[in-house]
Amino acid sequence: MLERLNRAMEHIEGHLDQDDLDVAELARIAATSEHHLRRMFSALAGMPLSEYVRRRRLTLAGAEVLAGRDTLLEIAVRYGYGSGEAFARAFRAMNGIGPGEARRTGAALTSQSRMAFRLTIEGSSSMRYRVVDKAEFTVVGFRARVPLVHAGPNQAIIDFVRRIDPRTLERLEKLSDQEPHGIVAVCDDMDPSRAEGTGLDYHHGVITAAAAPEGTSTLAVPAGAWAVFTTSGPAPQAIQELWRDVFTEWFPSNPYRTRTGPEILRTRLSPDRTGADAELWLPVEPEHR
């Protein structure tokens, strides 16, 4: 998988001066789906694919700005900006200075390095997982549209959950009648770019075949395969490390890819809330090699 992903990275470098980089073509080169390509890149690189492409374009544009051979408008158009104003805003956001001033003063600019991915195998740890074929099911609970946060706590989710009456959650938990059991956190309908601040539907509820109580929301989930990962350890580090390891170690080493669908996390905190047992469910399908 990483070798094919690196071929896609080479393709990006050769087409940075095109107005619209074809993600479908990148997925074909990587021999995977667009969904899995975006998901894997975001997990491995720590930024969405679209953000990486934008920063690489601005890096090359910055070198041309300082070289002084072409006008700023020519550079802006070459790297996909419809106007000099749009280019100046993006340039300033990345470099803290406008392109005109940078050219006049020869200012130091920010550079986004080319990325390449390598798998380091230490053999010192193993991951506990299983693959489950699950019939269609329903998530019943409470839903909020929240921004995507890549690092640190998601305050919008924290505030949303705090507003739910604990007694209501206790009654809801009794409806849980299939895996994953108990109250779960479900993220769905994420923007394909997975860019920081884009929206997602967050569901706090249970997996059940029972009728939804009045005042609750429902999410119907089609049948399909799920990769299920478990971990135990200090909270929240163990859960954060599980997400990291799934995408940096498990997917590159196993013949599966993510598919469109919700991501489900079941967490059980220790009595002193310093530790956690967690179970992560990700929708998957066989990777065609």
# chains A, B, ... in the order shown; residues from 1 in each chain; ligands from 1
$ closest_atom_pairs --of "segment 232-289 of chain A" --to "segment 175-195 of chain A" --cutoff "9 Å" --atoms "only C-alpha atoms" --output "tab-separated table"
residue	atom	partner	partner_atom	distance
A:Thr260	CA	A:Asp189	CA	8.9
A:Gly261	CA	A:Asp188	CA	6.6
A:Pro262	CA	A:Asp188	CA	4.4
A:Glu263	CA	A:Cys187	CA	5.3
A:Ile264	CA	A:Val186	CA	4.5
A:Leu265	CA	A:Ala185	CA	5.2
A:Arg266	CA	A:Val184	CA	4.7
A:Thr267	CA	A:Val184	CA	7.2
A:Glu279	CA	A:Pro180	CA	8.0
A:Trp281	CA	A:Pro180	CA	8.2
$ select_by_dssp --residues "segment 179-283 of chain A" --states "strand (DSSP E or B)" --output "PyMOL selection string"
chain A and resi 184-188+199-208+217-221+224-234+256-258+263-269+275-283
$ closest_residue --among "A:Gly96, A:Gly197, A:Pro271, A:Gly141" --to "Ala210 of chain A" --atoms "only C-alpha atoms"
A:Gly141
$ select_by_dssp --residues "segment 24-238 of chain A" --states "helix (DSSP H, G or I)" --output "number ranges by chain"
A: 24-29, 34-45, 49-67, 72-78, 84-95, 99-105, 155-162, 166-173, 237-238
$ residues_around --residues "Ile158 of chain A" --least-positions-apart "6" --cutoff "12 Å" --atoms "only C-alpha atoms" --output "list in words"
Ala144, Val146, Pro147, Gly152, Ile164, Ala185, Tyr202 and His204 of chain A
$ residues_around --residues "Thr216 of chain A" --least-positions-apart "3" --cutoff "10 Å" --atoms "only C-alpha atoms" --output "list in words"
Val140, Gly141, Phe142, Arg143, Leu172, Gly205, Ala212 and Pro213 of chain A
$ write_last_selection --atoms "N, CA and C atoms" --output "compact mmCIF listing (two decimals), in the first residue's frame"
# COMPACT_ATOMS: atom_id res chain seq x y z
N VAL A 140 -29.48 4.64 17.59
CA VAL A 140 -30.56 5.43 18.19
C VAL A 140 -29.97 6.27 19.32
N GLY A 141 -30.24 7.56 19.31
CA GLY A 141 -29.68 8.41 20.37
C GLY A 141 -29.89 9.87 20.08
N PHE A 142 -28.82 10.64 20.19
CA PHE A 142 -28.88 12.09 20.01
C PHE A 142 -27.79 12.51 19.04
N ARG A 143 -28.12 13.47 18.18
CA ARG A 143 -27.21 13.86 17.10
C ARG A 143 -26.94 15.36 17.14
N LEU A 172 -31.68 4.89 27.73
CA LEU A 172 -31.31 4.55 26.36
C LEU A 172 -30.39 3.33 26.33
N GLY A 205 -25.31 7.41 21.33
CA GLY A 205 -26.47 6.55 21.50
C GLY A 205 -26.10 5.08 21.58
N ALA A 212 -37.18 3.61 18.22
CA ALA A 212 -36.54 4.80 18.79
C ALA A 212 -37.50 5.54 19.70
N PRO A 213 -37.09 5.85 20.93
CA PRO A 213 -37.95 6.63 21.83
C PRO A 213 -38.21 8.02 21.25
$ closest_residue --among "A:Ala108, A:Ala116, A:Ala90, A:Ala156" --to "Ile12 of chain A" --atoms "only C-alpha atoms"
A:Ala116
$ closest_residue --among "A:Pro252, A:Pro99, A:Pro234, A:Pro286" --to "Gly68 of chain A" --atoms "only C-alpha atoms"
A:Pro99
$ residues_around --residues "Phe91 of chain A" --least-positions-apart "4" --cutoff "10 Å" --atoms "only C-alpha atoms" --output "mmCIF file with C-alpha atoms, in the first residue's frame"
data_model
loop_
_atom_site.group_PDB
_atom_site.id
_atom_site.type_symbol
_atom_site.label_atom_id
_atom_site.label_comp_id
_atom_site.auth_asym_id
_atom_site.auth_seq_id
_atom_site.Cartn_x
_atom_site.Cartn_y
_atom_site.Cartn_z
ATOM 1 C CA ARG A 55 0.750 23.921 0.666
ATOM 2 C CA LEU A 58 2.205 27.628 -2.469
ATOM 3 C CA THR A 59 5.730 26.381 -1.769
ATOM 4 C CA ALA A 61 4.752 29.509 -6.077
ATOM 5 C CA GLY A 62 6.799 31.109 -3.297
ATOM 6 C CA ALA A 76 -1.218 32.963 -9.320
ATOM 7 C CA GLU A 85 -6.237 38.797 -4.587
ATOM 8 C CA ALA A 86 -7.076 35.131 -3.915
ATOM 9 C CA PHE A 87 -3.426 34.186 -4.378
ATOM 10 C CA ASN A 95 3.793 32.810 5.006
ATOM 11 C CA GLY A 96 2.584 35.720 7.129
ATOM 12 C CA ILE A 97 3.481 38.155 4.376
ATOM 13 C CA GLY A 98 2.006 39.059 0.988
ATOM 14 C CA PRO A 99 3.709 38.009 -2.265
ATOM 15 C CA ALA A 102 8.012 39.059 -0.120
ATOM 16 C CA LEU A 109 9.032 31.901 3.403
ATOM 17 C CA THR A 110 7.425 28.743 4.764
#
$ residues_around --residues "Ser42 of chain A" --least-positions-apart "2" --cutoff "12 Å" --atoms "only C-alpha atoms" --output "JSON list (two decimals) with C-alpha atoms, in the first residue's frame"
[["chain", "number", "residue", "atom", "x", "y", "z"],
["A", 35, "HIS", "CA", -12.40, 7.37, 0.23],
["A", 36, "HIS", "CA", -9.58, 5.17, 1.50],
["A", 37, "LEU", "CA", -6.90, 7.29, -0.16],
["A", 38, "ARG", "CA", -8.15, 10.43, 1.59],
["A", 39, "ARG", "CA", -8.55, 8.58, 4.91],
["A", 40, "MET", "CA", -5.10, 6.98, 4.79],
["A", 44, "LEU", "CA", -0.41, 9.21, 7.88],
["A", 45, "ALA", "CA", 0.37, 12.82, 6.98],
["A", 46, "GLY", "CA", -1.51, 14.56, 9.77],
["A", 47, "MET", "CA", -3.32, 16.83, 7.29],
["A", 48, "PRO", "CA", -5.95, 16.38, 4.58],
["A", 49, "LEU", "CA", -4.77, 15.60, 1.04],
["A", 50, "SER", "CA", -6.25, 18.87, -0.22],
["A", 51, "GLU", "CA", -4.28, 20.85, 2.38],
["A", 52, "TYR", "CA", -1.03, 19.13, 1.41],
["A", 150, "HIS", "CA", -7.71, 16.62, 14.41],
["A", 192, "PRO", "CA", -14.36, 13.88, 2.02],
["A", 193, "SER", "CA", -11.45, 16.27, 2.52],
["A", 194, "ARG", "CA", -11.42, 15.62, 6.27],
["A", 195, "ALA", "CA", -10.08, 19.15, 6.64],
["A", 196, "GLU", "CA", -9.89, 20.76, 10.07],
["A", 243, "TRP", "CA", -6.40, 5.38, 16.06],
["A", 244, "ARG", "CA", -2.80, 6.10, 15.06],
["A", 247, "PHE", "CA", -3.82, 3.61, 10.07],
["A", 248, "THR", "CA", -0.04, 3.61, 10.30]]
$ atom_distance --atom1 "atom CA of Glu25 of chain A" --atom2 "atom CA of Thr198 of chain A"
24.0 Å
$ atom_distance --atom1 "atom CA of Ala93 of chain A" --atom2 "atom CA of Tyr79 of chain A"
15.8 Å
$ atom_distance --atom1 "atom CA of Pro283 of chain A" --atom2 "atom CA of Gly224 of chain A"
7.2 Å
$ residues_around --residues "Ala225 of chain A" --least-positions-apart "6" --cutoff "12 Å" --atoms "only C-alpha atoms" --output "list in words"
Arg130, Val131, Val132, Asp133, Lys134, Ala135, Glu136, Tyr256, Arg257, Thr258, Arg259, Thr260, Gly261, Trp281, Leu282, Pro283, Val284, Glu285 and Pro286 of chain A
